[in-house]
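First up is the structure itself, then whatever we jot down about it.
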Amino acid sequence: MSDVEIVRDGAVLTIALRRTAKKNALTGAMYETMIAAFDEADGDARIGAIVLRGADGVFTSGNDIGDFIASAQTPDEMPAWRFVERLAALETPLIAAIEGLAIGIGTTLILHCDLVYAAPDALFKMPFVDLGLVPEAGSSLLLPQRIGLAKASEFLMLGESFDAAEAHRLGLVNSIVPNADLYAHAAARAQALAAKPGAAVATTRRLLRGDLSALKARMNEEAQAFSQALRSDEARQAFMQFMMRAKPKS
Ligand code: COA
């Protein structure tokens, strides 16, 4: 089975991350598949919503760390950058359904979603600083705007994790849905949204987001800082520590 499965059901396109043996760590190829799905949705007026979900109890463990190591030579060409730019420019409404881990970009991408549903076991974490890295996907701008500077600093500087209940309390998640119902619930909300008058939804979405120029500028700044950080000794050491970590014997 492919690492990313794209399924169309009427007016809804579902992107399911299925690299579950690696906790859905995102590779360049997976980003490219998601970008192609976004292009398909934006290019087809019959598609009214996209659902982004994981599988087997995990959303994503974030960018593949092996890919980070490989990209350190040419960080500007990382597919992850094209992905976050495409995500920020997406026109089709995007709904995330999150169970289990949502690490790194798995958390920052929800800031670009229109609706987010989480299972009680969802766990959000942005460990950029611990990896010698810096925030991406506009999160250094969007997160403090959404939840205030104090909480954003806790999550982006200390790298503290937060659960579904806290995400809901902070307004990052629309509702908490039992694991067994999560994907069906997200699909139903997506179908409901896709059934609304399309032009009115599109205009409302554009108005809710407002002027995106500050976001674009911040994403460029983040990309430059991230590219630099990726080449740093701090990052190299953190990646090596992950790759070499001792695993408990089974
Ligand atoms: N990049 C590359 N491989 C990853 C990965 C990632 N982000 N996350 C998990 N994997 C791989 C592991 O190396 C392991 O592979 P292996 O079985 O070939 O050794 C497999 O997925 C399962 O992960 P494992 O660590 O054994 O599971 P766990 O339940 O003990 O821990 C995590 C899961 C996600 C907490 C842990 O893997 C982790 O911390 N990953 C890194 C998360 C991260 O920092 N992401 C980058 C954010 S910017």
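Just so we're on the same page: first chain in the structure tokens is A, next is B, and so on; residues restart at 1 for each chain, and ligands are numbered from 1 in the order they show up.
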Open item on the list: Residues within 10 Å of Ala80 of chain A, please, as a PyMOL selection string. Count only C-alpha atoms; anything in the same chain fewer than 4 positions from it doesn't count.
Closed with: chain A and resi 26-32+35+63+68+75-76+84-86+105+136-137
Just the selected residues (N, CA, C and O atoms), exported as a tab-separated table (two decimals), in the first residue's frame, please.
chain	number	residue	atom	x	y	z
A	26	LEU	N	6.85	11.89	7.68
A	26	LEU	CA	6.58	12.39	6.33
A	26	LEU	C	7.85	12.48	5.49
A	26	LEU	O	8.81	13.15	5.86
A	27	THR	N	7.83	11.81	4.36
A	27	THR	CA	8.96	11.84	3.41
A	27	THR	C	8.67	12.84	2.30
A	27	THR	O	7.51	13.27	2.12
A	28	GLY	N	9.70	13.12	1.51
A	28	GLY	CA	9.53	14.02	0.36
A	28	GLY	C	8.42	13.52	-0.56
A	28	GLY	O	7.58	14.29	-1.01
A	29	ALA	N	8.42	12.22	-0.81
A	29	ALA	CA	7.40	11.66	-1.72
A	29	ALA	C	6.00	11.85	-1.15
A	29	ALA	O	5.05	12.11	-1.90
A	30	MET	N	5.86	11.72	0.16
A	30	MET	CA	4.53	11.90	0.77
A	30	MET	C	4.07	13.36	0.64
A	30	MET	O	2.90	13.62	0.35
A	31	TYR	N	4.99	14.31	0.84
A	31	TYR	CA	4.62	15.72	0.64
A	31	TYR	C	4.16	15.95	-0.80
A	31	TYR	O	3.18	16.65	-1.04
A	32	GLU	N	4.93	15.35	-1.75
A	32	GLU	CA	4.59	15.55	-3.17
A	32	GLU	C	3.19	15.01	-3.46
A	32	GLU	O	2.41	15.63	-4.19
A	35	ILE	N	0.69	17.46	-2.10
A	35	ILE	CA	0.62	18.67	-2.94
A	35	ILE	C	-0.24	18.37	-4.18
A	35	ILE	O	-1.09	19.18	-4.57
A	63	ASN	N	8.16	15.42	10.22
A	63	ASN	CA	9.07	15.20	9.09
A	63	ASN	C	9.98	14.00	9.38
A	63	ASN	O	10.44	13.82	10.51
A	68	PHE	N	15.55	14.83	6.96
A	68	PHE	CA	16.18	16.06	7.44
A	68	PHE	C	17.69	15.98	7.24
A	68	PHE	O	18.32	16.93	6.76
A	75	PRO	N	18.91	22.38	1.76
A	75	PRO	CA	17.67	22.59	2.52
A	75	PRO	C	16.62	23.40	1.76
A	75	PRO	O	15.42	23.22	1.98
A	76	ASP	N	17.07	24.29	0.85
A	76	ASP	CA	16.09	25.14	0.16
A	76	ASP	C	15.18	24.33	-0.77
A	76	ASP	O	14.14	24.81	-1.19
A	84	VAL	N	4.31	23.34	2.67
A	84	VAL	CA	3.70	24.34	3.57
A	84	VAL	C	3.24	25.57	2.77
A	84	VAL	O	2.21	26.17	3.09
A	85	GLU	N	3.98	25.91	1.70
A	85	GLU	CA	3.53	27.03	0.86
A	85	GLU	C	2.21	26.69	0.18
A	85	GLU	O	1.29	27.51	0.12
A	86	ARG	N	2.12	25.46	-0.30
A	86	ARG	CA	0.90	25.02	-0.99
A	86	ARG	C	-0.27	24.96	0.00
A	86	ARG	O	-1.40	25.31	-0.34
A	105	ILE	N	5.28	19.23	12.14
A	105	ILE	CA	4.36	19.73	11.12
A	105	ILE	C	2.95	19.15	11.31
A	105	ILE	O	1.97	19.75	10.87
A	136	GLU	N	8.05	26.33	11.78
A	136	GLU	CA	7.77	26.42	10.34
A	136	GLU	C	6.26	26.56	10.10
A	136	GLU	O	5.49	26.64	11.08
A	137	ALA	N	5.90	26.60	8.82
A	137	ALA	CA	4.49	26.69	8.40
A	137	ALA	C	3.79	27.92	8.97
A	137	ALA	O	2.57	27.92	9.15
Task: Residue neighbourhood Gln224 of chain A, 12 Å, only C-alpha atoms, exclusion window fewer than 6 positions, as a ChimeraX atom specification - done: /A:75-78,81,133-136,217-218,230-231
Saved selection, atoms kept: all heavy atoms, as an mmCIF file, in the first residue's frame:
data_model
loop_
_atom_site.group_PDB
_atom_site.id
_atom_site.type_symbol
_atom_site.label_atom_id
_atom_site.label_comp_id
_atom_site.auth_asym_id
_atom_site.auth_seq_id
_atom_site.Cartn_x
_atom_site.Cartn_y
_atom_site.Cartn_z
ATOM 1 N N PRO A 75 18.913 22.383 1.761
ATOM 2 C CA PRO A 75 17.670 22.588 2.519
ATOM 3 C C PRO A 75 16.616 23.401 1.760
ATOM 4 O O PRO A 75 15.419 23.216 1.978
ATOM 5 C CB PRO A 75 18.130 23.333 3.773
ATOM 6 C CG PRO A 75 19.478 23.851 3.476
ATOM 7 C CD PRO A 75 20.075 23.005 2.401
ATOM 8 N N ASP A 76 17.067 24.288 0.848
ATOM 9 C CA ASP A 76 16.086 25.139 0.161
ATOM 10 C C ASP A 76 15.180 24.334 -0.775
ATOM 11 O O ASP A 76 14.138 24.809 -1.194
ATOM 12 C CB ASP A 76 16.801 26.239 -0.637
ATOM 13 C CG ASP A 76 17.662 27.092 0.284
ATOM 14 O OD1 ASP A 76 17.378 27.094 1.499
ATOM 15 O OD2 ASP A 76 18.614 27.719 -0.205
ATOM 16 N N GLU A 77 15.641 23.127 -1.119
ATOM 17 C CA GLU A 77 14.849 22.332 -2.077
ATOM 18 C C GLU A 77 13.931 21.326 -1.390
ATOM 19 O O GLU A 77 13.348 20.473 -2.045
ATOM 20 C CB GLU A 77 15.803 21.590 -3.020
ATOM 21 C CG GLU A 77 16.502 22.535 -3.981
ATOM 22 C CD GLU A 77 17.752 21.914 -4.573
ATOM 23 O OE1 GLU A 77 17.814 20.684 -4.685
ATOM 24 O OE2 GLU A 77 18.675 22.695 -4.897
ATOM 25 N N MET A 78 13.825 21.415 -0.063
ATOM 26 C CA MET A 78 13.012 20.429 0.644
ATOM 27 C C MET A 78 11.545 20.460 0.199
ATOM 28 O O MET A 78 10.921 21.512 0.187
ATOM 29 C CB MET A 78 13.039 20.724 2.153
ATOM 30 C CG MET A 78 14.262 20.168 2.850
ATOM 31 S SD MET A 78 14.396 20.802 4.523
ATOM 32 C CE MET A 78 12.826 20.337 5.224
ATOM 33 N N TRP A 81 8.974 22.464 2.186
ATOM 34 C CA TRP A 81 8.704 23.901 1.965
ATOM 35 C C TRP A 81 7.607 24.099 0.941
ATOM 36 O O TRP A 81 6.719 24.925 1.102
ATOM 37 C CB TRP A 81 9.959 24.660 1.509
ATOM 38 C CG TRP A 81 10.998 24.718 2.573
ATOM 39 C CD1 TRP A 81 12.323 24.448 2.439
ATOM 40 C CD2 TRP A 81 10.777 25.046 3.955
ATOM 41 N NE1 TRP A 81 12.936 24.568 3.653
ATOM 42 C CE2 TRP A 81 12.015 24.930 4.596
ATOM 43 C CE3 TRP A 81 9.664 25.389 4.709
ATOM 44 C CZ2 TRP A 81 12.175 25.168 5.959
ATOM 45 C CZ3 TRP A 81 9.802 25.621 6.061
ATOM 46 C CH2 TRP A 81 11.047 25.521 6.667
ATOM 47 N N LEU A 133 16.153 23.115 15.723
ATOM 48 C CA LEU A 133 15.441 23.735 14.598
ATOM 49 C C LEU A 133 14.560 24.889 15.080
ATOM 50 O O LEU A 133 14.566 25.232 16.259
ATOM 51 C CB LEU A 133 14.588 22.670 13.879
ATOM 52 C CG LEU A 133 15.368 21.493 13.293
ATOM 53 C CD1 LEU A 133 14.422 20.428 12.743
ATOM 54 C CD2 LEU A 133 16.313 21.975 12.177
ATOM 55 N N VAL A 134 13.821 25.449 14.174
ATOM 56 C CA VAL A 134 12.963 26.604 14.483
ATOM 57 C C VAL A 134 11.563 26.336 13.909
ATOM 58 O O VAL A 134 11.400 25.436 13.087
ATOM 59 C CB VAL A 134 13.560 27.905 13.876
ATOM 60 C CG1 VAL A 134 14.941 28.181 14.449
ATOM 61 C CG2 VAL A 134 13.618 27.840 12.359
ATOM 62 N N PRO A 135 10.568 27.105 14.315
ATOM 63 C CA PRO A 135 9.198 26.839 13.843
ATOM 64 C C PRO A 135 9.059 27.012 12.325
ATOM 65 O O PRO A 135 9.819 27.753 11.698
ATOM 66 C CB PRO A 135 8.358 27.902 14.558
ATOM 67 C CG PRO A 135 9.187 28.370 15.693
ATOM 68 C CD PRO A 135 10.610 28.224 15.268
ATOM 69 N N GLU A 136 8.052 26.326 11.779
ATOM 70 C CA GLU A 136 7.768 26.421 10.340
ATOM 71 C C GLU A 136 6.258 26.559 10.101
ATOM 72 O O GLU A 136 5.494 26.640 11.076
ATOM 73 C CB GLU A 136 8.358 25.225 9.576
ATOM 74 C CG GLU A 136 8.326 23.881 10.307
ATOM 75 C CD GLU A 136 6.990 23.241 10.440
ATOM 76 O OE1 GLU A 136 5.984 23.928 10.717
ATOM 77 O OE2 GLU A 136 6.934 22.013 10.342
ATOM 78 N N ALA A 217 5.313 36.506 4.369
ATOM 79 C CA ALA A 217 6.621 37.069 4.742
ATOM 80 C C ALA A 217 7.231 36.273 5.893
ATOM 81 O O ALA A 217 8.423 35.950 5.892
ATOM 82 C CB ALA A 217 6.467 38.534 5.126
ATOM 83 N N ARG A 218 6.393 35.912 6.881
ATOM 84 C CA ARG A 218 6.920 35.170 8.024
ATOM 85 C C ARG A 218 7.368 33.769 7.596
ATOM 86 O O ARG A 218 8.376 33.253 8.087
ATOM 87 C CB ARG A 218 5.855 35.062 9.126
ATOM 88 C CG ARG A 218 6.338 34.310 10.367
ATOM 89 C CD ARG A 218 7.513 35.002 11.061
ATOM 90 N NE ARG A 218 7.111 36.310 11.532
ATOM 91 C CZ ARG A 218 6.578 36.557 12.743
ATOM 92 N NH1 ARG A 218 6.428 35.573 13.600
ATOM 93 N NH2 ARG A 218 6.232 37.777 13.087
ATOM 94 N N LEU A 230 19.134 23.749 9.984
ATOM 95 C CA LEU A 230 19.274 22.365 9.528
ATOM 96 C C LEU A 230 20.744 21.982 9.351
ATOM 97 O O LEU A 230 21.115 20.821 9.494
ATOM 98 C CB LEU A 230 18.517 22.228 8.204
ATOM 99 C CG LEU A 230 17.922 20.895 7.797
ATOM 100 C CD1 LEU A 230 17.092 20.272 8.886
ATOM 101 C CD2 LEU A 230 17.072 21.081 6.539
ATOM 102 N N ARG A 231 21.573 22.986 9.040
ATOM 103 C CA ARG A 231 23.006 22.719 8.815
ATOM 104 C C ARG A 231 23.823 22.855 10.104
ATOM 105 O O ARG A 231 25.034 22.672 10.077
ATOM 106 C CB ARG A 231 23.567 23.734 7.813
ATOM 107 C CG ARG A 231 23.001 23.642 6.428
ATOM 108 C CD ARG A 231 23.921 24.443 5.492
ATOM 109 N NE ARG A 231 23.333 24.635 4.189
ATOM 110 C CZ ARG A 231 22.688 25.740 3.824
ATOM 111 N NH1 ARG A 231 22.538 26.739 4.671
ATOM 112 N NH2 ARG A 231 22.193 25.841 2.609
#
Open item on the list: At a cut-off of 10 Å around ligand 1, and using only C-alpha atoms and all ligand atoms, what residues come up? Please write them as an NGL selection string.
Closed with: :A and (19-27 or 58 or 60-68 or 100-108 or 125-136 or 238-239 or 242-248)
Task: Contacts of segment 2-17 of chain A within 7 Å, only C-alpha atoms, excl. fewer than 2 positions in-chain, as a list in words - done: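 Listing them by chain and then by number gives Arg19, Asn24, Met30, Thr33, Arg46, Ile47, Gly48, Ala49, Ile50, Val51, Leu52, Arg53, Gly54, Ala55, Ala190, Gln191 and Ala194 of chain A.
Proximity of A:Leu115, A:Ala72, A:Ala37, A:Ala45 to Ala229 of chain A, computed with only C-alpha atoms, is greatest for A:Ala72.
The residue set within 9 Å of Asp114 of chain A, counting only C-alpha atoms and dropping same-chain residues fewer than 2 places from it, reads Pro93, Leu94, Ile95, Ala96, Ile110, Leu111, His112, Val116 and Arg205 of chain A.
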Open item on the list: Please list as a VMD selection string every residue within 12 Å of Ser213 of chain A, counting only C-alpha atoms and excluding residues in the same chain fewer than 6 positions away.
Closed with: chain A and resid 88 to 89 138 141 219 to 220
Can you check which residues of segment 68-233 of chain A DSSP gives as strand (DSSP E or B) on the backbone and send them as a compact mmCIF listing (two decimals) with all heavy atoms, in the first residue's frame?
# COMPACT_ATOMS: atom_id res chain seq x y z
N LEU A 94 -10.14 22.66 4.32
CA LEU A 94 -9.34 21.52 4.79
C LEU A 94 -9.75 21.15 6.21
O LEU A 94 -9.79 22.01 7.10
CB LEU A 94 -7.86 21.89 4.75
CG LEU A 94 -6.86 20.82 5.19
CD1 LEU A 94 -6.92 19.60 4.27
CD2 LEU A 94 -5.43 21.39 5.19
N ILE A 95 -10.06 19.88 6.40
CA ILE A 95 -10.49 19.38 7.71
C ILE A 95 -9.50 18.32 8.17
O ILE A 95 -9.20 17.39 7.43
CB ILE A 95 -11.90 18.75 7.58
CG1 ILE A 95 -12.89 19.85 7.16
CG2 ILE A 95 -12.32 18.07 8.88
CD1 ILE A 95 -14.27 19.35 6.84
N ALA A 96 -8.96 18.49 9.38
CA ALA A 96 -8.03 17.49 9.91
C ALA A 96 -8.73 16.60 10.92
O ALA A 96 -9.54 17.08 11.72
CB ALA A 96 -6.83 18.18 10.56
N ALA A 97 -8.42 15.31 10.87
CA ALA A 97 -8.92 14.34 11.85
C ALA A 97 -7.70 13.70 12.50
O ALA A 97 -6.92 13.02 11.82
CB ALA A 97 -9.78 13.29 11.16
N ILE A 98 -7.53 13.96 13.79
CA ILE A 98 -6.26 13.62 14.44
C ILE A 98 -6.46 12.65 15.59
O ILE A 98 -7.16 12.95 16.56
CB ILE A 98 -5.58 14.90 14.96
CG1 ILE A 98 -5.31 15.79 13.74
CG2 ILE A 98 -4.29 14.57 15.72
CD1 ILE A 98 -4.56 17.03 14.01
N LEU A 101 -0.38 10.61 17.81
CA LEU A 101 0.67 11.63 17.72
C LEU A 101 0.45 12.61 16.58
O LEU A 101 0.13 12.23 15.45
CB LEU A 101 2.01 10.93 17.48
CG LEU A 101 2.53 10.02 18.59
CD1 LEU A 101 3.72 9.22 18.09
CD2 LEU A 101 2.90 10.86 19.81
N ALA A 102 0.67 13.89 16.89
CA ALA A 102 0.70 14.94 15.87
C ALA A 102 1.94 15.79 16.20
O ALA A 102 1.86 16.74 16.97
CB ALA A 102 -0.57 15.77 15.91
N ILE A 103 3.09 15.38 15.63
CA ILE A 103 4.35 16.00 16.02
C ILE A 103 4.83 16.95 14.93
O ILE A 103 4.63 16.69 13.73
CB ILE A 103 5.42 14.92 16.31
CG1 ILE A 103 4.92 13.98 17.42
CG2 ILE A 103 6.75 15.54 16.71
CD1 ILE A 103 5.92 12.95 17.88
N LEU A 115 -11.33 23.23 9.94
CA LEU A 115 -11.96 22.50 11.05
C LEU A 115 -10.99 21.41 11.49
O LEU A 115 -10.33 20.79 10.64
CB LEU A 115 -13.28 21.86 10.60
CG LEU A 115 -14.37 22.83 10.11
CD1 LEU A 115 -15.47 22.06 9.36
CD2 LEU A 115 -14.98 23.60 11.27
N VAL A 116 -10.90 21.20 12.80
CA VAL A 116 -10.00 20.16 13.32
C VAL A 116 -10.76 19.34 14.35
O VAL A 116 -11.32 19.88 15.31
CB VAL A 116 -8.75 20.78 13.99
CG1 VAL A 116 -7.81 19.67 14.48
CG2 VAL A 116 -8.01 21.72 13.05
N TYR A 117 -10.79 18.02 14.12
CA TYR A 117 -11.40 17.11 15.09
C TYR A 117 -10.32 16.20 15.64
O TYR A 117 -9.44 15.74 14.89
CB TYR A 117 -12.51 16.29 14.41
CG TYR A 117 -13.58 17.19 13.84
CD1 TYR A 117 -13.70 17.39 12.46
CD2 TYR A 117 -14.42 17.91 14.69
CE1 TYR A 117 -14.65 18.27 11.95
CE2 TYR A 117 -15.37 18.79 14.18
CZ TYR A 117 -15.48 18.96 12.81
OH TYR A 117 -16.41 19.83 12.31
N ALA A 118 -10.34 15.98 16.95
CA ALA A 118 -9.29 15.19 17.57
C ALA A 118 -9.89 14.09 18.44
O ALA A 118 -10.93 14.29 19.08
CB ALA A 118 -8.39 16.08 18.43
N LEU A 123 -2.11 13.78 20.71
CA LEU A 123 -1.04 14.43 21.46
C LEU A 123 -0.26 15.32 20.51
O LEU A 123 0.27 14.84 19.50
CB LEU A 123 -0.11 13.40 22.10
CG LEU A 123 0.86 14.03 23.10
CD1 LEU A 123 0.13 14.46 24.38
CD2 LEU A 123 1.98 13.06 23.45
N PHE A 124 -0.23 16.60 20.83
CA PHE A 124 0.39 17.59 19.96
C PHE A 124 1.75 18.00 20.53
O PHE A 124 1.88 18.21 21.74
CB PHE A 124 -0.51 18.82 19.85
CG PHE A 124 -1.89 18.51 19.31
CD1 PHE A 124 -2.92 18.12 20.16
CD2 PHE A 124 -2.15 18.58 17.95
CE1 PHE A 124 -4.18 17.82 19.68
CE2 PHE A 124 -3.42 18.28 17.45
CZ PHE A 124 -4.44 17.90 18.31
N LYS A 125 2.73 18.15 19.65
CA LYS A 125 4.07 18.53 20.14
C LYS A 125 4.87 19.15 19.01
O LYS A 125 4.86 18.65 17.89
CB LYS A 125 4.78 17.28 20.67
CG LYS A 125 6.12 17.54 21.35
CD LYS A 125 6.64 16.24 21.97
CE LYS A 125 8.07 16.33 22.46
NZ LYS A 125 8.24 17.19 23.63
N PHE A 162 0.91 18.93 24.36
CA PHE A 162 -0.42 19.18 24.92
C PHE A 162 -1.42 18.19 24.33
O PHE A 162 -1.25 17.72 23.20
CB PHE A 162 -0.88 20.64 24.71
CG PHE A 162 -0.83 21.14 23.30
CD1 PHE A 162 -1.99 21.25 22.54
CD2 PHE A 162 0.36 21.54 22.72
CE1 PHE A 162 -1.96 21.74 21.24
CE2 PHE A 162 0.41 22.02 21.41
CZ PHE A 162 -0.75 22.12 20.68
N ASP A 163 -2.43 17.88 25.12
CA ASP A 163 -3.35 16.83 24.70
C ASP A 163 -4.61 17.42 24.04
O ASP A 163 -4.74 18.64 23.89
CB ASP A 163 -3.70 15.91 25.88
CG ASP A 163 -4.40 16.66 27.02
OD1 ASP A 163 -4.83 17.82 26.80
OD2 ASP A 163 -4.52 16.09 28.12
N SER A 175 -13.70 19.94 18.17
CA SER A 175 -14.30 19.06 19.18
C SER A 175 -13.50 17.77 19.30
O SER A 175 -12.69 17.44 18.44
CB SER A 175 -15.77 18.77 18.86
OG SER A 175 -15.90 18.25 17.58
N ILE A 176 -13.75 17.11 20.43
CA ILE A 176 -13.07 15.84 20.70
C ILE A 176 -14.09 14.74 20.41
O ILE A 176 -15.21 14.78 20.90
CB ILE A 176 -12.59 15.79 22.16
CG1 ILE A 176 -11.62 16.96 22.41
CG2 ILE A 176 -11.91 14.46 22.47
CD1 ILE A 176 -11.14 17.09 23.83
Task: Members of segment 1-249 of chain A assigned alpha helix (DSSP H) by DSSP, as a VMD selection string - done: chain A and resid 28 to 42 65 to 71 79 to 89 105 to 108 139 to 147 149 to 156 164 to 169 179 to 194 198 to 209 213 to 230 233 to 244
